[in-house]
Amino acid sequence: MDFSIPSHLSNSKASPLPSTFLSSKSQLPRFPIRHHLSFKSRNSLKKPPLISRQNFAIRAQEVSDQAVDDGFTLDDVPHLTDFLPDLPSYPNPIQKSPGYAIVKQTFVRPEDVVAQTIVVQKDSPRGVHFRRAGPREKVYFKSEDVRACIVTCGGLCPGINTVIREIVCGLHYMYGVEDILGIQGGYRGFYSKNTMALTPKVVNDIHKRGGTFLRTSRGGHDTQKIVDNIQDRGINQVYIIGGDGTQRGAARIYEEVEKRGLQVAVAGIPKTIDNDIAVIDKSFGFDTAVEEAQRAINAAHVEVESVENGVGIVKLMGRYSGFIAMFATLASRDVDCCLIPESPFYLEGKGGLFEFIEERLKENGHIVIVVAEGAGQEYVAQSMHETDEKDASGNRLLLDVGLWLTQNIKDHFTKEQKMAINMKYIDPTYMIRAIPSNASDNIYCTLLAQSAVHGAMAGFTGFTVGPVNSRHAYIPISHVSQTRTVKLTDRMWARLLASTNQPSFLNCDQSIGGKVCKDAIDLINNMKITSI
């Protein structure tokens with residue numbers, strides 16, 4: 001099959017792409033590739049590799065004397081043919097599916113990519129791109145030979161059951177796969193728990209429930225035992241639903257599978273209610289969490305508006321990033337102040353939280369404060385017993401900033417200001433993450449699940465899937481172990497400050513909070529993290 005470079009991939013007139021630029025197996029065009037340390041170099045293979053990887057983005061290969069390097073880089077994902085070069089391919093059975101019969105273009109073209117950055121300047125480099133997700137013309141598994149498994153790990157999140165359901169239905173209805181196993185109880189379920197057979201009938205209505213149909217756990221990852229079990233059970237497709245720690249485990253499973261030369265596709269579906277996964281637009285369950293948080297904020301507002309000097313505090317999830325708190329605040333319009341882990345704050349003195357509360361009480365007679373669970377931990381630790389305890393996933397156990405803040409505000413106004421206040425504290429943490437996903441997240445979970453199925457059937461492995469600039473793409477799994485936080489120097493946080501008219505807590509009196517503010521400014525100036 002001949003391929004041509006699309007006009008958007010070259011600065012010169014489109015010209016035929018030499019056949020040497022294509023793998024004989026997967027028909028993937030060569031682009032400049034960014035290497036990731038989590039994947040082994042393909043240059044070590046005896047047979048010419050599918051795609052050459054370097055420790056840096058290599059310059060575009062010249063396809064003609066007129067070709068110009070425009071800074072295009074493909075951040076690619078591994079393929080089974082990288083370490084199984086003689087693997088046969090088969091026509092994709094989806095082309096016979098009634099559902100795809102009316103689709104104008106059934107298959108994603110090999111050269112289709114998704115840009116990581118869509119706002120660019122004239123003559124700027126093209127930048128990093130990812131392979132577009134979707135069905136391929138060729139697959140590397142016969143439907144009757146597939147034995148897939150699904151596992152869920154880590155904390156709960158709205159939409160997990162929807163993802164499970166749609167993986168099962170996608171495999172069954174699109175590809176005719178009938179052998180699908182559910183691994184119960186997280187990673188340790190591979191070697192210490194029973195499995196269950198999953199069919200469309202079994203999972204038919206699980207999307208209406210919160211939690212995970214397969215149950216979950218933290219920790220328990222033993223790569224050797226897990227891959228041994230995968231081998232012993234004859235599993236050749238593994239779908240792993242979980243957060244950054246879970247996906248790091250998935251990367252190790254892929255590496256061991258590659259080391260053993262097994263025809264096993266490992267696909268990750270990133271999950272976190274905090275929306276702190278790098279690269280992708282947002283994580284599933286986030287919209288549901290923000291929507292459910294409105295109920296708690298509304299309840300707090302009703303309570304404090306009905307009494308004199310009412311102070312309502314709502315604690316929301318957000319260990320290291322304040323996306324839920326920020327978006328819930330912007331959506332609510334009833335919040336006066338939002339405190340997140342990325343933005344240090346101080347209580348006393350000019351421009352401090354106590355002063356702001358007093359002003360709002362005099363102005364409106366009430367105030368609602370939203371605080372993320374990871375906010376102000378350094379201050380809480382000073383007045384409470386600090387602990388270095390961690391959960392099974394290695395996350396540091398947080399101190400309760402909600403109770404600490406409630407007590408400090410109460411003490412300040414009743415003892416020092418001699419001012420009676422009515423305090424209302426609401427902690428809806430587990431209520432928010434334990435509910436079923438809403439309509440928006442249900443649709444999103446369907447796209448994630450089907451994209452993962454298409455990728456695994458097409459022979460991609462060691463990948464995760466997610467929307468990048470509203471287009472679903474296959475992303476190197478190493479990206480999921482990177483987290484993002486709210487960037488205080490970007491417009492979204494500025495929009496929140498403008499909406500609530502709260503202080504930024506960056507201008508403070510030197511005698512009271514100078515050190516805190518200096519640290520905050522230094523932190524902001526040195527931030528090199530992805531933002532929304």
# chains A, B, ... in the order shown; residues from 1 in each chain; ligands from 1
$ residues_around --residues "Leu87 of chain A" --least-positions-apart "6" --cutoff "9 Å" --atoms "only C-alpha atoms" --output "mmCIF file with N, CA and C atoms, in the first residue's frame"
data_model
loop_
_atom_site.group_PDB
_atom_site.id
_atom_site.type_symbol
_atom_site.label_atom_id
_atom_site.label_comp_id
_atom_site.auth_asym_id
_atom_site.auth_seq_id
_atom_site.Cartn_x
_atom_site.Cartn_y
_atom_site.Cartn_z
ATOM 1 N N LYS A 25 4.602 -5.099 8.892
ATOM 2 C CA LYS A 25 3.545 -5.702 9.701
ATOM 3 C C LYS A 25 2.418 -4.731 9.993
ATOM 4 N N LEU A 80 3.244 -4.768 19.577
ATOM 5 C CA LEU A 80 3.660 -6.164 19.778
ATOM 6 C C LEU A 80 4.728 -6.600 18.774
ATOM 7 N N THR A 81 4.691 -6.039 17.572
ATOM 8 C CA THR A 81 5.675 -6.435 16.560
ATOM 9 C C THR A 81 7.066 -5.896 16.865
ATOM 10 N N TYR A 140 -4.127 -7.936 15.372
ATOM 11 C CA TYR A 140 -3.086 -8.938 15.635
ATOM 12 C C TYR A 140 -3.576 -10.057 16.547
ATOM 13 N N GLN A 263 2.773 -12.660 23.628
ATOM 14 C CA GLN A 263 1.820 -11.899 22.827
ATOM 15 C C GLN A 263 0.668 -11.459 23.733
#
$ residues_around --residues "Ile167 of chain A" --least-positions-apart "2" --cutoff "8 Å" --atoms "only C-alpha atoms" --output "ChimeraX atom specification"
/A:163-165,169-171,449-450,452-453
$ residues_around --residues "segment 243-251 of chain A" --least-positions-apart "4" --cutoff "8 Å" --atoms "only C-alpha atoms" --output "JSON, numbers by chain"
{"A": [38, 153, 154, 221, 223, 255, 266, 267, 268, 270, 271, 272, 277, 393, 462, 477, 478, 480, 481, 482, 483]}
$ write_last_selection --atoms "N, CA and C atoms" --output "mmCIF file, in the first residue's frame"
data_model
loop_
_atom_site.group_PDB
_atom_site.id
_atom_site.type_symbol
_atom_site.label_atom_id
_atom_site.label_comp_id
_atom_site.auth_asym_id
_atom_site.auth_seq_id
_atom_site.Cartn_x
_atom_site.Cartn_y
_atom_site.Cartn_z
ATOM 1 N N SER A 38 10.630 4.354 30.206
ATOM 2 C CA SER A 38 9.868 3.185 30.634
ATOM 3 C C SER A 38 9.811 2.117 29.549
ATOM 4 N N CYS A 153 -8.000 -0.988 40.253
ATOM 5 C CA CYS A 153 -7.130 -0.808 41.421
ATOM 6 C C CYS A 153 -7.271 0.604 41.973
ATOM 7 N N GLY A 154 -6.878 0.774 43.252
ATOM 8 C CA GLY A 154 -6.860 2.095 43.862
ATOM 9 C C GLY A 154 -8.213 2.532 44.391
ATOM 10 N N HIS A 221 1.017 -5.197 44.422
ATOM 11 C CA HIS A 221 1.570 -5.426 43.089
ATOM 12 C C HIS A 221 2.849 -6.252 43.165
ATOM 13 N N THR A 223 4.982 -7.976 40.229
ATOM 14 C CA THR A 223 5.041 -8.116 38.776
ATOM 15 C C THR A 223 5.231 -9.555 38.336
ATOM 16 N N GLU A 255 6.626 -4.334 30.611
ATOM 17 C CA GLU A 255 8.059 -4.597 30.453
ATOM 18 C C GLU A 255 8.386 -6.071 30.670
ATOM 19 N N VAL A 266 -1.084 -4.892 26.783
ATOM 20 C CA VAL A 266 -1.377 -4.277 28.080
ATOM 21 C C VAL A 266 -1.901 -2.862 27.831
ATOM 22 N N ALA A 267 -3.160 -2.620 28.199
ATOM 23 C CA ALA A 267 -3.801 -1.321 27.971
ATOM 24 C C ALA A 267 -4.223 -0.717 29.302
ATOM 25 N N GLY A 268 -3.885 0.544 29.498
ATOM 26 C CA GLY A 268 -4.267 1.244 30.724
ATOM 27 C C GLY A 268 -5.385 2.237 30.472
ATOM 28 N N PRO A 270 -6.651 5.452 32.486
ATOM 29 C CA PRO A 270 -6.309 6.282 33.647
ATOM 30 C C PRO A 270 -7.533 6.681 34.456
ATOM 31 N N LYS A 271 -7.412 6.572 35.775
ATOM 32 C CA LYS A 271 -8.522 6.875 36.678
ATOM 33 C C LYS A 271 -8.021 7.705 37.851
ATOM 34 N N THR A 272 -8.617 8.838 38.060
ATOM 35 C CA THR A 272 -8.411 9.613 39.280
ATOM 36 C C THR A 272 -9.498 10.658 39.378
ATOM 37 N N ILE A 277 -4.057 14.011 36.160
ATOM 38 C CA ILE A 277 -3.243 13.253 35.215
ATOM 39 C C ILE A 277 -2.744 14.183 34.122
ATOM 40 N N SER A 393 -0.866 2.328 48.887
ATOM 41 C CA SER A 393 -0.374 2.801 47.593
ATOM 42 C C SER A 393 0.831 3.711 47.728
ATOM 43 N N GLY A 462 1.376 -1.463 26.276
ATOM 44 C CA GLY A 462 2.073 -0.500 27.122
ATOM 45 C C GLY A 462 1.590 0.916 26.902
ATOM 46 N N ILE A 477 2.472 5.130 28.486
ATOM 47 C CA ILE A 477 1.963 4.938 29.842
ATOM 48 C C ILE A 477 2.784 5.707 30.871
ATOM 49 N N SER A 478 4.021 6.069 30.501
ATOM 50 C CA SER A 478 4.863 6.824 31.433
ATOM 51 C C SER A 478 4.265 8.188 31.746
ATOM 52 N N VAL A 480 1.238 8.862 32.464
ATOM 53 C CA VAL A 480 0.202 8.769 33.490
ATOM 54 C C VAL A 480 0.810 8.840 34.884
ATOM 55 N N SER A 481 2.091 8.502 35.012
ATOM 56 C CA SER A 481 2.754 8.589 36.316
ATOM 57 C C SER A 481 3.143 10.024 36.635
ATOM 58 N N GLN A 482 2.979 10.920 35.659
ATOM 59 C CA GLN A 482 3.243 12.338 35.897
ATOM 60 C C GLN A 482 1.932 13.018 36.280
ATOM 61 N N THR A 483 1.979 13.850 37.276
ATOM 62 C CA THR A 483 0.758 14.534 37.717
ATOM 63 C C THR A 483 0.821 16.013 37.376
#
$ closest_residue --among "A:Phe413, A:Phe356, A:Phe286, A:Phe107" --to "Ala328 of chain A" --atoms "only C-alpha atoms"
A:Phe286
$ residues_around --residues "Lys96 of chain A" --least-positions-apart "3" --cutoff "12 Å" --atoms "only C-alpha atoms" --output "list in words"
Pro91, Asn92, Pro93, Gly99, Tyr100, Ala101, Ile102, Val103, Thr106, Glu137, Tyr173, Met174, Tyr175 and Gly176 of chain A
$ write_last_selection --atoms "N, CA, C and O atoms" --output "compact mmCIF listing (two decimals), in the first residue's frame"
# COMPACT_ATOMS: atom_id res chain seq x y z
N PRO A 91 -7.46 -9.28 8.92
CA PRO A 91 -8.42 -8.20 8.63
C PRO A 91 -9.28 -7.90 9.86
O PRO A 91 -9.68 -8.81 10.59
N ASN A 92 -9.54 -6.65 10.10
CA ASN A 92 -10.34 -6.25 11.25
C ASN A 92 -11.80 -6.68 11.06
O ASN A 92 -12.44 -6.26 10.10
N PRO A 93 -12.33 -7.50 11.97
CA PRO A 93 -13.72 -7.97 11.82
C PRO A 93 -14.74 -6.86 12.00
O PRO A 93 -15.92 -7.06 11.70
N GLY A 99 -22.92 -1.87 13.09
CA GLY A 99 -22.78 -0.54 13.63
C GLY A 99 -21.84 0.34 12.84
O GLY A 99 -22.00 1.56 12.79
N TYR A 100 -20.83 -0.26 12.22
CA TYR A 100 -19.84 0.50 11.47
C TYR A 100 -20.12 0.49 9.96
O TYR A 100 -19.35 1.05 9.18
N ALA A 101 -21.19 -0.14 9.55
CA ALA A 101 -21.50 -0.27 8.13
C ALA A 101 -21.74 1.08 7.47
O ALA A 101 -21.45 1.27 6.29
N ILE A 102 -22.27 2.04 8.24
CA ILE A 102 -22.60 3.34 7.64
C ILE A 102 -21.52 4.39 7.90
O ILE A 102 -21.66 5.53 7.49
N VAL A 103 -20.44 4.00 8.59
CA VAL A 103 -19.37 4.95 8.88
C VAL A 103 -18.60 5.24 7.60
O VAL A 103 -18.18 4.32 6.88
N THR A 106 -14.18 3.89 8.18
CA THR A 106 -14.23 2.93 9.28
C THR A 106 -12.95 2.95 10.10
O THR A 106 -12.99 2.92 11.33
N GLU A 137 -7.10 -1.05 10.35
CA GLU A 137 -7.48 -1.97 9.29
C GLU A 137 -7.05 -3.40 9.58
O GLU A 137 -7.71 -4.36 9.19
N TYR A 173 -19.24 -7.21 21.09
CA TYR A 173 -20.07 -6.82 19.96
C TYR A 173 -19.27 -6.33 18.75
O TYR A 173 -19.69 -6.53 17.60
N MET A 174 -18.13 -5.68 18.99
CA MET A 174 -17.35 -5.17 17.87
C MET A 174 -16.39 -6.22 17.30
O MET A 174 -16.15 -6.27 16.10
N TYR A 175 -15.82 -7.05 18.20
CA TYR A 175 -14.78 -7.97 17.75
C TYR A 175 -15.12 -9.45 17.94
O TYR A 175 -14.32 -10.31 17.61
N GLY A 176 -16.28 -9.74 18.48
CA GLY A 176 -16.70 -11.13 18.62
C GLY A 176 -15.93 -11.91 19.68
O GLY A 176 -15.88 -13.16 19.63
$ residues_around --residues "segment 325-327 of chain A" --least-positions-apart "2" --cutoff "9 Å" --atoms "only C-alpha atoms" --output "list in words"
Val290, Ala293, Lys315, Leu316, Met317, Gly318, Ser321, Gly322, Phe323, Thr329, Leu330, Ala331, Ser332, Cys338, Leu339, Ile340, Val370, Val371, Ala372, Val486, Met492, Trp493 and Leu496 of chain A
$ select_by_dssp --residues "segment 99-217 of chain A" --states "helix (DSSP H, G or I)" --output "MDAnalysis selection string"
chainID A and resid 99:100 143:145 160:175 189:192 206:208
$ write_last_selection --atoms "N, CA and C atoms" --output "mmCIF file, in the first residue's frame"
data_model
loop_
_atom_site.group_PDB
_atom_site.id
_atom_site.type_symbol
_atom_site.label_atom_id
_atom_site.label_comp_id
_atom_site.auth_asym_id
_atom_site.auth_seq_id
_atom_site.Cartn_x
_atom_site.Cartn_y
_atom_site.Cartn_z
ATOM 1 N N GLY A 99 -22.921 -1.870 13.087
ATOM 2 C CA GLY A 99 -22.784 -0.536 13.630
ATOM 3 C C GLY A 99 -21.844 0.343 12.837
ATOM 4 N N TYR A 100 -20.825 -0.263 12.221
ATOM 5 C CA TYR A 100 -19.838 0.504 11.467
ATOM 6 C C TYR A 100 -20.120 0.490 9.961
ATOM 7 N N SER A 143 -10.294 -13.234 16.906
ATOM 8 C CA SER A 143 -11.319 -13.052 17.938
ATOM 9 C C SER A 143 -11.487 -14.289 18.807
ATOM 10 N N GLU A 144 -11.468 -15.471 18.173
ATOM 11 C CA GLU A 144 -11.676 -16.699 18.931
ATOM 12 C C GLU A 144 -10.480 -17.062 19.807
ATOM 13 N N ASP A 145 -9.329 -16.426 19.571
ATOM 14 C CA ASP A 145 -8.133 -16.718 20.368
ATOM 15 C C ASP A 145 -7.933 -15.743 21.521
ATOM 16 N N ILE A 160 -16.237 3.871 36.974
ATOM 17 C CA ILE A 160 -15.440 2.647 36.829
ATOM 18 C C ILE A 160 -16.297 1.526 36.230
ATOM 19 N N ASN A 161 -17.494 1.373 36.756
ATOM 20 C CA ASN A 161 -18.361 0.306 36.254
ATOM 21 C C ASN A 161 -18.751 0.519 34.790
ATOM 22 N N THR A 162 -18.891 1.774 34.386
ATOM 23 C CA THR A 162 -19.196 2.059 32.991
ATOM 24 C C THR A 162 -18.048 1.628 32.091
ATOM 25 N N VAL A 163 -16.810 1.893 32.520
ATOM 26 C CA VAL A 163 -15.640 1.485 31.741
ATOM 27 C C VAL A 163 -15.593 -0.043 31.626
ATOM 28 N N ILE A 164 -15.828 -0.738 32.752
ATOM 29 C CA ILE A 164 -15.840 -2.211 32.730
ATOM 30 C C ILE A 164 -16.883 -2.701 31.734
ATOM 31 N N ARG A 165 -18.091 -2.170 31.847
ATOM 32 C CA ARG A 165 -19.183 -2.597 30.967
ATOM 33 C C ARG A 165 -18.837 -2.396 29.502
ATOM 34 N N GLU A 166 -18.278 -1.241 29.169
ATOM 35 C CA GLU A 166 -18.036 -0.926 27.766
ATOM 36 C C GLU A 166 -16.832 -1.665 27.192
ATOM 37 N N ILE A 167 -15.867 -2.045 28.031
ATOM 38 C CA ILE A 167 -14.788 -2.913 27.545
ATOM 39 C C ILE A 167 -15.365 -4.269 27.160
ATOM 40 N N VAL A 168 -16.211 -4.817 28.043
ATOM 41 C CA VAL A 168 -16.834 -6.118 27.768
ATOM 42 C C VAL A 168 -17.703 -6.050 26.516
ATOM 43 N N CYS A 169 -18.565 -5.053 26.432
ATOM 44 C CA CYS A 169 -19.461 -4.939 25.280
ATOM 45 C C CYS A 169 -18.688 -4.633 23.997
ATOM 46 N N GLY A 170 -17.640 -3.814 24.113
ATOM 47 C CA GLY A 170 -16.830 -3.495 22.946
ATOM 48 C C GLY A 170 -16.131 -4.715 22.388
ATOM 49 N N LEU A 171 -15.513 -5.509 23.268
ATOM 50 C CA LEU A 171 -14.848 -6.733 22.829
ATOM 51 C C LEU A 171 -15.848 -7.705 22.209
ATOM 52 N N HIS A 172 -16.997 -7.830 22.841
ATOM 53 C CA HIS A 172 -17.977 -8.827 22.405
ATOM 54 C C HIS A 172 -18.685 -8.416 21.110
ATOM 55 N N TYR A 173 -19.240 -7.213 21.089
ATOM 56 C CA TYR A 173 -20.075 -6.817 19.959
ATOM 57 C C TYR A 173 -19.266 -6.333 18.753
ATOM 58 N N MET A 174 -18.132 -5.684 18.988
ATOM 59 C CA MET A 174 -17.352 -5.175 17.868
ATOM 60 C C MET A 174 -16.393 -6.215 17.304
ATOM 61 N N TYR A 175 -15.824 -7.051 18.198
ATOM 62 C CA TYR A 175 -14.781 -7.968 17.750
ATOM 63 C C TYR A 175 -15.123 -9.446 17.940
ATOM 64 N N GLY A 189 -5.478 -9.673 43.187
ATOM 65 C CA GLY A 189 -6.464 -10.623 42.699
ATOM 66 C C GLY A 189 -5.923 -11.550 41.631
ATOM 67 N N PHE A 190 -4.838 -11.145 40.981
ATOM 68 C CA PHE A 190 -4.235 -12.011 39.967
ATOM 69 C C PHE A 190 -3.743 -13.322 40.573
ATOM 70 N N TYR A 191 -3.280 -13.265 41.818
ATOM 71 C CA TYR A 191 -2.693 -14.479 42.398
ATOM 72 C C TYR A 191 -3.288 -14.878 43.738
ATOM 73 N N SER A 192 -4.282 -14.133 44.230
ATOM 74 C CA SER A 192 -4.851 -14.523 45.520
ATOM 75 C C SER A 192 -6.375 -14.535 45.547
ATOM 76 N N ILE A 206 -24.449 -2.601 35.374
ATOM 77 C CA ILE A 206 -23.519 -2.202 36.438
ATOM 78 C C ILE A 206 -23.185 -0.716 36.388
ATOM 79 N N HIS A 207 -23.391 -0.068 35.239
ATOM 80 C CA HIS A 207 -23.086 1.362 35.124
ATOM 81 C C HIS A 207 -24.026 2.211 35.978
ATOM 82 N N LYS A 208 -25.113 1.610 36.462
ATOM 83 C CA LYS A 208 -26.047 2.350 37.309
ATOM 84 C C LYS A 208 -25.628 2.366 38.770
#
$ select_by_dssp --residues "segment 395-446 of chain A" --states "strand (DSSP E)" --output "list in words"
Asn422, Met423, Lys424, Tyr425 and Ile426 of chain A
$ closest_atom_pairs --of "segment 195-298 of chain A" --to "segment 419-434 of chain A" --cutoff "7 Å" --atoms "only C-alpha atoms" --output "tab-separated table"
residue	atom	partner	partner_atom	distance
A:Gly210	CA	A:Ala434	CA	5.1
A:Gly211	CA	A:Ala434	CA	5.5
A:Ala289	CA	A:Ile432	CA	5.5
A:Glu292	CA	A:Ile432	CA	5.8
A:Ala293	CA	A:Ile432	CA	6.6
A:Ala296	CA	A:Pro428	CA	6.6
$ write_last_selection --atoms "C-alpha atoms" --output "compact mmCIF listing (two decimals), in the first residue's frame"
# COMPACT_ATOMS: atom_id res chain seq x y z
CA GLY A 210 -21.24 3.39 42.17
CA GLY A 211 -17.93 1.79 43.11
CA ALA A 289 -17.53 14.82 41.20
CA GLU A 292 -22.07 16.24 43.18
CA ALA A 293 -19.92 18.77 45.06
CA ALA A 296 -22.67 20.00 49.48
$ closest_residue --among "A:Leu74, A:Leu488, A:Ala148, A:Ile475" --to "Ala278 of chain A" --atoms "only C-alpha atoms"
A:Ile475
$ residues_around --residues "Asn408 of chain A" --least-positions-apart "4" --cutoff "10 Å" --atoms "only C-alpha atoms" --output "VMD selection string"
chain A and resid 347 354 403 to 404 412 to 413
$ write_last_selection --atoms "N, CA, C and O atoms" --output "PDB file, in the first residue's frame"
ATOM      1  N   LEU A 347      -3.566  32.749  58.035  1.00  0.00           N
ATOM      2  CA  LEU A 347      -4.786  33.082  58.758  1.00  0.00           C
ATOM      3  C   LEU A 347      -4.805  34.502  59.298  1.00  0.00           C
ATOM      4  O   LEU A 347      -5.774  35.242  59.081  1.00  0.00           O
ATOM      5  N   PHE A 354      -8.619  35.340  58.161  1.00  0.00           N
ATOM      6  CA  PHE A 354      -9.490  35.847  59.223  1.00  0.00           C
ATOM      7  C   PHE A 354     -10.050  37.224  58.852  1.00  0.00           C
ATOM      8  O   PHE A 354     -11.238  37.500  59.053  1.00  0.00           O
ATOM      9  N   LEU A 403     -11.416  20.091  59.763  1.00  0.00           N
ATOM     10  CA  LEU A 403     -11.642  20.240  61.202  1.00  0.00           C
ATOM     11  C   LEU A 403     -10.701  21.271  61.807  1.00  0.00           C
ATOM     12  O   LEU A 403     -11.095  22.051  62.686  1.00  0.00           O
ATOM     13  N   TRP A 404      -9.441  21.261  61.340  1.00  0.00           N
ATOM     14  CA  TRP A 404      -8.458  22.226  61.847  1.00  0.00           C
ATOM     15  C   TRP A 404      -8.902  23.649  61.545  1.00  0.00           C
ATOM     16  O   TRP A 404      -8.851  24.534  62.415  1.00  0.00           O
ATOM     17  N   HIS A 412     -10.826  31.979  66.905  1.00  0.00           N
ATOM     18  CA  HIS A 412     -10.440  33.363  66.628  1.00  0.00           C
ATOM     19  C   HIS A 412     -11.597  34.323  66.861  1.00  0.00           C
ATOM     20  O   HIS A 412     -11.439  35.362  67.523  1.00  0.00           O
ATOM     21  N   PHE A 413     -12.774  34.007  66.340  1.00  0.00           N
ATOM     22  CA  PHE A 413     -13.883  34.956  66.405  1.00  0.00           C
ATOM     23  C   PHE A 413     -14.585  34.957  67.767  1.00  0.00           C
ATOM     24  O   PHE A 413     -15.096  35.988  68.193  1.00  0.00           O
TER      25      PHE A 413
END
